[in-house]
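K.L.:
This is the structure I want to talk about, given as structure tokens.
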Amino acid sequence: RGLGDVYKRQAEQPVEGLLAGLVITNFGQRLLVEAEDGAIYNCAVRQHLGKLVAGDRVFWETDAESGRGIVSAALPRHSELARPGFRGQTRMVAANIDVIGIVAPIEPGVHPDMIDRYLVAAAQLDIPAALIINKIDLLQTDEAWDNLAEILLPYDGMGIDIITVSAHLADGLDDIKQFLNQKTSVFVGPSGAGKSSLINALIPDLAIRTSSLSSATGLGVHTTTNSILYHLPCGGDIID
């Protein structure tokens, strides 16, 4: 991965004695940070850094007293993703995203207005977006395919990448893997689009990884509800 070399080239301040790391998830006042060797460390955060999230690149050091770690510095983000929070405030959920996958399902339907809203949001964030049409196994007739092609024609004309897939049948997964390779990505879309099914298809041992990360927080399974970064077997990362 070469994180140390990359981080040291980009760092604005000296980082002598600090270790390069990647934030896997944020839980409360602590982080899970992945070191260069792939080991995961439970770390506190220096207060002046503010909230760090999955995808942030950081420098950390071992806390000899607690046996855990302390994140002491963070690199500037090249992109960040937030969602509306309480009282009109935004809630940061992911950092350093390279591409957004807009998942649109055949059922309950591929709706251009939904796609357009996500495309506008991605453009405002200056993050490239691709269109992932899921559940294509539900297209049973030539007419249904023709109707879909008509809906997608404007997006194809705009040069937007369009990938058709069936998470249920594992059809089209190679195309998604090729597209996501060596990128940090996030899937967005309406409820029922099949985002979780796609991620499970891309990461067959997802349940095991999630359980391991939850145990590392010391909070147990199902209690880490913030965004989590996973490494894709095909290369690249996805933040769920």
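Chain labels follow the order of the structure tokens: the first chain is A, the next B, and so on; residue numbering restarts at 1 in every chain, and ligands are counted from 1 in their shown order.
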Run DSSP on the backbone and give me the residues of stretch 24-94 of chain A it puts in strand (DSSP E or B), as a PyMOL selection string.
P.N.:
chain A and resi 24-27+30-35+40-45+57-62+69-74+80-84+90-94
K.L.:
Could you save those same residues with N, CA and C atoms as a compact mmCIF listing (two decimals), in the first residue's frame?
P.N.:
# COMPACT_ATOMS: atom_id res chain seq x y z
N ILE A 24 -10.68 3.39 9.71
CA ILE A 24 -11.64 2.38 9.27
C ILE A 24 -13.05 2.75 9.70
N THR A 25 -13.20 3.22 10.92
CA THR A 25 -14.51 3.68 11.40
C THR A 25 -14.32 4.57 12.61
N ASN A 26 -15.34 5.36 12.88
CA ASN A 26 -15.40 6.23 14.04
C ASN A 26 -16.49 5.70 14.96
N PHE A 27 -16.18 5.53 16.24
CA PHE A 27 -17.22 5.12 17.18
C PHE A 27 -17.08 5.95 18.45
N ARG A 30 -13.63 7.58 19.78
CA ARG A 30 -12.46 6.80 19.38
C ARG A 30 -12.57 6.37 17.92
N LEU A 31 -11.44 5.89 17.40
CA LEU A 31 -11.37 5.43 16.02
C LEU A 31 -10.77 4.03 15.98
N LEU A 32 -11.12 3.28 14.92
CA LEU A 32 -10.32 2.12 14.55
C LEU A 32 -9.43 2.56 13.41
N VAL A 33 -8.13 2.40 13.60
CA VAL A 33 -7.14 2.85 12.61
C VAL A 33 -6.35 1.65 12.12
N GLU A 34 -6.21 1.56 10.80
CA GLU A 34 -5.42 0.48 10.21
C GLU A 34 -4.00 0.96 9.97
N ALA A 35 -3.05 0.21 10.51
CA ALA A 35 -1.64 0.53 10.30
C ALA A 35 -1.18 0.00 8.94
N ILE A 40 -5.26 -3.57 13.06
CA ILE A 40 -6.26 -2.57 13.45
C ILE A 40 -6.01 -2.16 14.89
N TYR A 41 -6.01 -0.85 15.14
CA TYR A 41 -5.76 -0.32 16.48
C TYR A 41 -6.91 0.57 16.93
N ASN A 42 -7.26 0.42 18.19
CA ASN A 42 -8.26 1.26 18.84
C ASN A 42 -7.56 2.52 19.32
N CYS A 43 -7.97 3.68 18.79
CA CYS A 43 -7.23 4.91 19.05
C CYS A 43 -8.12 6.04 19.58
N ALA A 44 -7.55 6.80 20.49
CA ALA A 44 -8.15 8.08 20.87
C ALA A 44 -7.73 9.13 19.85
N VAL A 45 -8.34 10.31 19.94
CA VAL A 45 -8.07 11.38 18.97
C VAL A 45 -7.75 12.67 19.71
N ARG A 57 -6.99 9.89 6.31
CA ARG A 57 -5.61 9.45 6.43
C ARG A 57 -4.98 10.21 7.59
N VAL A 58 -4.36 9.48 8.50
CA VAL A 58 -3.90 10.07 9.75
C VAL A 58 -2.50 9.61 10.10
N PHE A 59 -1.94 10.29 11.12
CA PHE A 59 -0.72 9.86 11.77
C PHE A 59 -1.04 9.59 13.24
N TRP A 60 -0.52 8.51 13.77
CA TRP A 60 -0.85 8.12 15.12
C TRP A 60 0.38 7.58 15.82
N GLU A 61 0.26 7.42 17.12
CA GLU A 61 1.36 6.89 17.92
C GLU A 61 0.80 5.97 19.00
N THR A 62 1.63 5.10 19.48
CA THR A 62 1.21 4.18 20.53
C THR A 62 1.20 4.88 21.88
N GLY A 69 -3.78 3.45 21.00
CA GLY A 69 -3.12 4.44 20.17
C GLY A 69 -3.74 5.82 20.33
N ILE A 70 -3.02 6.83 19.84
CA ILE A 70 -3.50 8.20 19.85
C ILE A 70 -3.27 8.79 18.46
N VAL A 71 -4.32 9.28 17.83
CA VAL A 71 -4.19 9.95 16.54
C VAL A 71 -3.82 11.39 16.81
N SER A 72 -2.66 11.81 16.26
CA SER A 72 -2.12 13.13 16.56
C SER A 72 -2.18 14.10 15.39
N ALA A 73 -2.39 13.61 14.17
CA ALA A 73 -2.42 14.49 13.00
C ALA A 73 -3.23 13.83 11.90
N ALA A 74 -3.77 14.65 11.02
CA ALA A 74 -4.56 14.14 9.89
C ALA A 74 -4.21 14.92 8.64
N GLU A 80 -15.11 14.89 0.69
CA GLU A 80 -15.80 14.43 1.89
C GLU A 80 -17.29 14.32 1.61
N LEU A 81 -17.91 13.38 2.29
CA LEU A 81 -19.32 13.09 2.09
C LEU A 81 -20.05 13.27 3.41
N ALA A 82 -21.15 14.03 3.37
CA ALA A 82 -21.93 14.30 4.58
C ALA A 82 -23.40 14.05 4.28
N ARG A 83 -24.17 13.87 5.33
CA ARG A 83 -25.62 13.72 5.20
C ARG A 83 -26.30 14.64 6.21
N PRO A 84 -27.55 14.99 5.97
CA PRO A 84 -28.25 15.87 6.91
C PRO A 84 -28.33 15.24 8.30
N THR A 90 -25.10 19.21 9.24
CA THR A 90 -24.64 18.09 8.43
C THR A 90 -23.80 17.14 9.29
N ARG A 91 -23.82 15.89 8.93
CA ARG A 91 -23.07 14.85 9.65
C ARG A 91 -22.08 14.22 8.70
N MET A 92 -20.80 14.40 8.96
CA MET A 92 -19.76 13.85 8.11
C MET A 92 -19.77 12.32 8.23
N VAL A 93 -19.72 11.62 7.08
CA VAL A 93 -19.80 10.16 7.12
C VAL A 93 -18.62 9.48 6.45
N ALA A 94 -17.93 10.15 5.51
CA ALA A 94 -16.83 9.50 4.81
C ALA A 94 -15.91 10.55 4.22
K.L.:
List every residue of stretch 45-240 of chain A that DSSP, applied to the backbone of this structure, assigns to helix (DSSP H, G or I), and report them as a ChimeraX atom specification.
P.N.:
/A:47-49,86-88,112-125,136-138,142-157,173-180,195-202,206-217
K.L.:
Extract, using only C-alpha atoms, all DNA, RNA and protein residues at most 9 Å from stretch 118-132 of chain A, discarding same-chain residues fewer than 4 positions from it, and format them as a tab-separated table (two decimals) with all heavy atoms, in the first residue's frame.
P.N.:
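The new file out03.tsv reads:
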chain	number	residue	atom	x	y	z
A	79	SER	N	-11.79	14.95	-0.69
A	79	SER	CA	-13.24	14.99	-0.84
A	79	SER	C	-13.85	14.52	0.47
A	79	SER	O	-13.20	13.85	1.27
A	79	SER	CB	-13.72	14.10	-1.99
A	79	SER	OG	-13.46	12.73	-1.72
A	80	GLU	N	-15.11	14.89	0.69
A	80	GLU	CA	-15.80	14.43	1.89
A	80	GLU	C	-17.29	14.32	1.61
A	80	GLU	O	-17.83	15.04	0.77
A	80	GLU	CB	-15.54	15.37	3.07
A	80	GLU	CG	-15.84	16.82	2.80
A	80	GLU	CD	-15.38	17.73	3.94
A	80	GLU	OE1	-14.39	17.38	4.62
A	80	GLU	OE2	-16.03	18.76	4.16
A	81	LEU	N	-17.91	13.38	2.29
A	81	LEU	CA	-19.32	13.09	2.09
A	81	LEU	C	-20.05	13.27	3.41
A	81	LEU	O	-19.64	12.74	4.43
A	81	LEU	CB	-19.49	11.65	1.58
A	81	LEU	CG	-20.90	11.22	1.16
A	81	LEU	CD1	-21.34	12.00	-0.07
A	81	LEU	CD2	-20.91	9.72	0.85
A	97	ILE	N	-13.33	10.15	-0.86
A	97	ILE	CA	-14.07	9.31	-1.80
A	97	ILE	C	-13.62	9.63	-3.22
A	97	ILE	O	-13.51	10.79	-3.62
A	97	ILE	CB	-15.59	9.57	-1.67
A	97	ILE	CG1	-16.07	9.25	-0.27
A	97	ILE	CG2	-16.37	8.75	-2.70
A	97	ILE	CD1	-15.92	7.82	0.12
A	98	ASP	N	-13.37	8.58	-4.01
A	98	ASP	CA	-12.97	8.76	-5.41
A	98	ASP	C	-14.15	8.68	-6.36
A	98	ASP	O	-14.13	9.31	-7.43
A	98	ASP	CB	-11.95	7.68	-5.81
A	98	ASP	CG	-10.66	7.80	-5.03
A	98	ASP	OD1	-10.16	8.94	-4.88
A	98	ASP	OD2	-10.14	6.77	-4.56
A	99	VAL	N	-15.17	7.92	-6.01
A	99	VAL	CA	-16.32	7.75	-6.90
A	99	VAL	C	-17.56	7.38	-6.08
A	99	VAL	O	-17.46	6.70	-5.05
A	99	VAL	CB	-16.05	6.67	-7.97
A	99	VAL	CG1	-15.89	5.29	-7.35
A	99	VAL	CG2	-17.13	6.66	-9.04
A	100	ILE	N	-18.70	7.86	-6.54
A	100	ILE	CA	-19.99	7.51	-5.92
A	100	ILE	C	-20.75	6.61	-6.89
A	100	ILE	O	-20.91	6.94	-8.06
A	100	ILE	CB	-20.82	8.77	-5.64
A	100	ILE	CG1	-20.14	9.62	-4.56
A	100	ILE	CG2	-22.24	8.41	-5.20
A	100	ILE	CD1	-20.82	10.95	-4.31
A	101	GLY	N	-21.20	5.47	-6.39
A	101	GLY	CA	-22.01	4.56	-7.20
A	101	GLY	C	-23.48	4.79	-6.87
A	101	GLY	O	-23.91	4.51	-5.76
A	102	ILE	N	-24.24	5.31	-7.84
A	102	ILE	CA	-25.67	5.54	-7.65
A	102	ILE	C	-26.40	4.26	-8.03
A	102	ILE	O	-26.43	3.87	-9.21
A	102	ILE	CB	-26.16	6.71	-8.52
A	102	ILE	CG1	-25.38	7.99	-8.18
A	102	ILE	CG2	-27.66	6.93	-8.31
A	102	ILE	CD1	-25.66	9.14	-9.14
A	103	VAL	N	-26.96	3.57	-7.04
A	103	VAL	CA	-27.62	2.29	-7.28
A	103	VAL	C	-29.10	2.52	-7.54
A	103	VAL	O	-29.84	3.01	-6.66
A	103	VAL	CB	-27.42	1.34	-6.07
A	103	VAL	CG1	-28.08	-0.02	-6.36
A	103	VAL	CG2	-25.94	1.16	-5.76
A	104	ALA	N	-29.53	2.18	-8.74
A	104	ALA	CA	-30.94	2.33	-9.13
A	104	ALA	C	-31.49	0.95	-9.46
A	104	ALA	O	-30.95	0.25	-10.32
A	104	ALA	CB	-31.06	3.25	-10.35
A	105	PRO	N	-32.56	0.50	-8.78
A	105	PRO	CA	-33.06	-0.86	-8.97
A	105	PRO	C	-34.18	-0.94	-10.01
A	105	PRO	O	-34.97	0.00	-10.16
A	105	PRO	CB	-33.59	-1.20	-7.59
A	105	PRO	CG	-34.11	0.12	-7.09
A	105	PRO	CD	-33.22	1.18	-7.66
A	113	ASP	N	-35.65	11.18	-11.74
A	113	ASP	CA	-35.59	12.27	-10.77
A	113	ASP	C	-34.68	11.93	-9.60
A	113	ASP	O	-33.91	12.77	-9.11
A	113	ASP	CB	-36.99	12.66	-10.27
A	113	ASP	CG	-37.75	11.49	-9.67
A	113	ASP	OD1	-37.37	10.33	-9.93
A	113	ASP	OD2	-38.74	11.74	-8.95
A	114	MET	N	-34.71	10.65	-9.15
A	114	MET	CA	-33.82	10.22	-8.09
A	114	MET	C	-32.37	10.25	-8.57
A	114	MET	O	-31.47	10.76	-7.88
A	114	MET	CB	-34.19	8.80	-7.63
A	114	MET	CG	-33.31	8.23	-6.52
A	114	MET	SD	-31.75	7.44	-7.10
A	114	MET	CE	-32.41	6.04	-8.00
A	155	TYR	N	-28.19	9.71	-19.90
A	155	TYR	CA	-27.01	9.58	-19.05
A	155	TYR	C	-25.83	9.02	-19.84
A	155	TYR	O	-24.69	9.44	-19.63
A	155	TYR	CB	-27.33	8.68	-17.86
A	155	TYR	CG	-28.52	9.18	-17.07
A	155	TYR	CD1	-29.74	8.50	-17.09
A	155	TYR	CD2	-28.45	10.36	-16.35
A	155	TYR	CE1	-30.83	8.97	-16.39
A	155	TYR	CE2	-29.55	10.84	-15.64
A	155	TYR	CZ	-30.74	10.14	-15.68
A	155	TYR	OH	-31.83	10.62	-14.99
A	160	ILE	N	-21.70	9.32	-18.63
A	160	ILE	CA	-21.72	8.70	-17.29
A	160	ILE	C	-21.58	7.19	-17.43
A	160	ILE	O	-22.26	6.57	-18.24
A	160	ILE	CB	-23.01	9.06	-16.55
A	160	ILE	CG1	-23.08	10.57	-16.31
A	160	ILE	CG2	-23.13	8.30	-15.23
A	160	ILE	CD1	-24.40	11.04	-15.78
A	161	ASP	N	-20.70	6.61	-16.65
A	161	ASP	CA	-20.54	5.15	-16.66
A	161	ASP	C	-21.81	4.50	-16.17
A	161	ASP	O	-22.35	4.87	-15.12
A	161	ASP	CB	-19.37	4.74	-15.77
A	161	ASP	CG	-18.03	5.09	-16.37
A	161	ASP	OD1	-17.67	4.53	-17.41
A	161	ASP	OD2	-17.34	5.95	-15.78
A	162	ILE	N	-22.30	3.51	-16.93
A	162	ILE	CA	-23.50	2.77	-16.57
A	162	ILE	C	-23.15	1.29	-16.49
A	162	ILE	O	-22.62	0.71	-17.44
A	162	ILE	CB	-24.63	3.00	-17.59
A	162	ILE	CG1	-24.98	4.49	-17.68
A	162	ILE	CG2	-25.86	2.18	-17.22
A	162	ILE	CD1	-25.97	4.81	-18.78
A	163	ILE	N	-23.44	0.69	-15.34
A	163	ILE	CA	-23.14	-0.72	-15.12
A	163	ILE	C	-24.44	-1.43	-14.74
A	163	ILE	O	-25.14	-1.01	-13.83
A	163	ILE	CB	-22.11	-0.90	-14.00
A	163	ILE	CG1	-20.83	-0.12	-14.32
A	163	ILE	CG2	-21.79	-2.38	-13.79
A	163	ILE	CD1	-19.84	-0.08	-13.17
A	164	THR	N	-24.78	-2.49	-15.47
A	164	THR	CA	-25.96	-3.28	-15.15
A	164	THR	C	-25.53	-4.52	-14.38
A	164	THR	O	-24.54	-5.16	-14.72
A	164	THR	CB	-26.73	-3.68	-16.41
A	164	THR	OG1	-25.86	-4.40	-17.30
A	164	THR	CG2	-27.26	-2.44	-17.14
A	165	VAL	N	-26.29	-4.86	-13.34
A	165	VAL	CA	-25.87	-5.93	-12.46
A	165	VAL	C	-27.07	-6.59	-11.81
A	165	VAL	O	-28.14	-5.97	-11.66
A	165	VAL	CB	-24.91	-5.38	-11.37
A	165	VAL	CG1	-25.63	-4.37	-10.50
A	165	VAL	CG2	-24.31	-6.48	-10.52
A	176	ILE	N	-18.43	-4.32	-12.14
A	176	ILE	CA	-18.33	-3.44	-10.97
A	176	ILE	C	-16.94	-3.54	-10.35
A	176	ILE	O	-16.32	-2.53	-9.99
A	176	ILE	CB	-19.41	-3.79	-9.93
A	176	ILE	CG1	-20.79	-3.45	-10.46
A	176	ILE	CG2	-19.15	-3.04	-8.63
A	176	ILE	CD1	-21.90	-3.64	-9.46
A	188	VAL	N	-24.78	4.88	-3.03
A	188	VAL	CA	-25.94	5.63	-2.56
A	188	VAL	C	-27.14	5.17	-3.38
A	188	VAL	O	-27.01	4.60	-4.46
A	188	VAL	CB	-25.74	7.15	-2.71
A	188	VAL	CG1	-24.55	7.63	-1.89
A	188	VAL	CG2	-25.56	7.55	-4.18
A	189	GLY	N	-28.33	5.44	-2.85
A	189	GLY	CA	-29.54	5.05	-3.56
A	189	GLY	C	-30.70	4.90	-2.60
A	189	GLY	O	-30.52	4.94	-1.38
K.L.:
Which value, in Å to one decimal, gives the distance between atom CA of A:Asp56 and atom CA of A:Gly28?
P.N.:
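Separation between atom CA of A:Asp56 and atom CA of A:Gly28: 15.8 Å.
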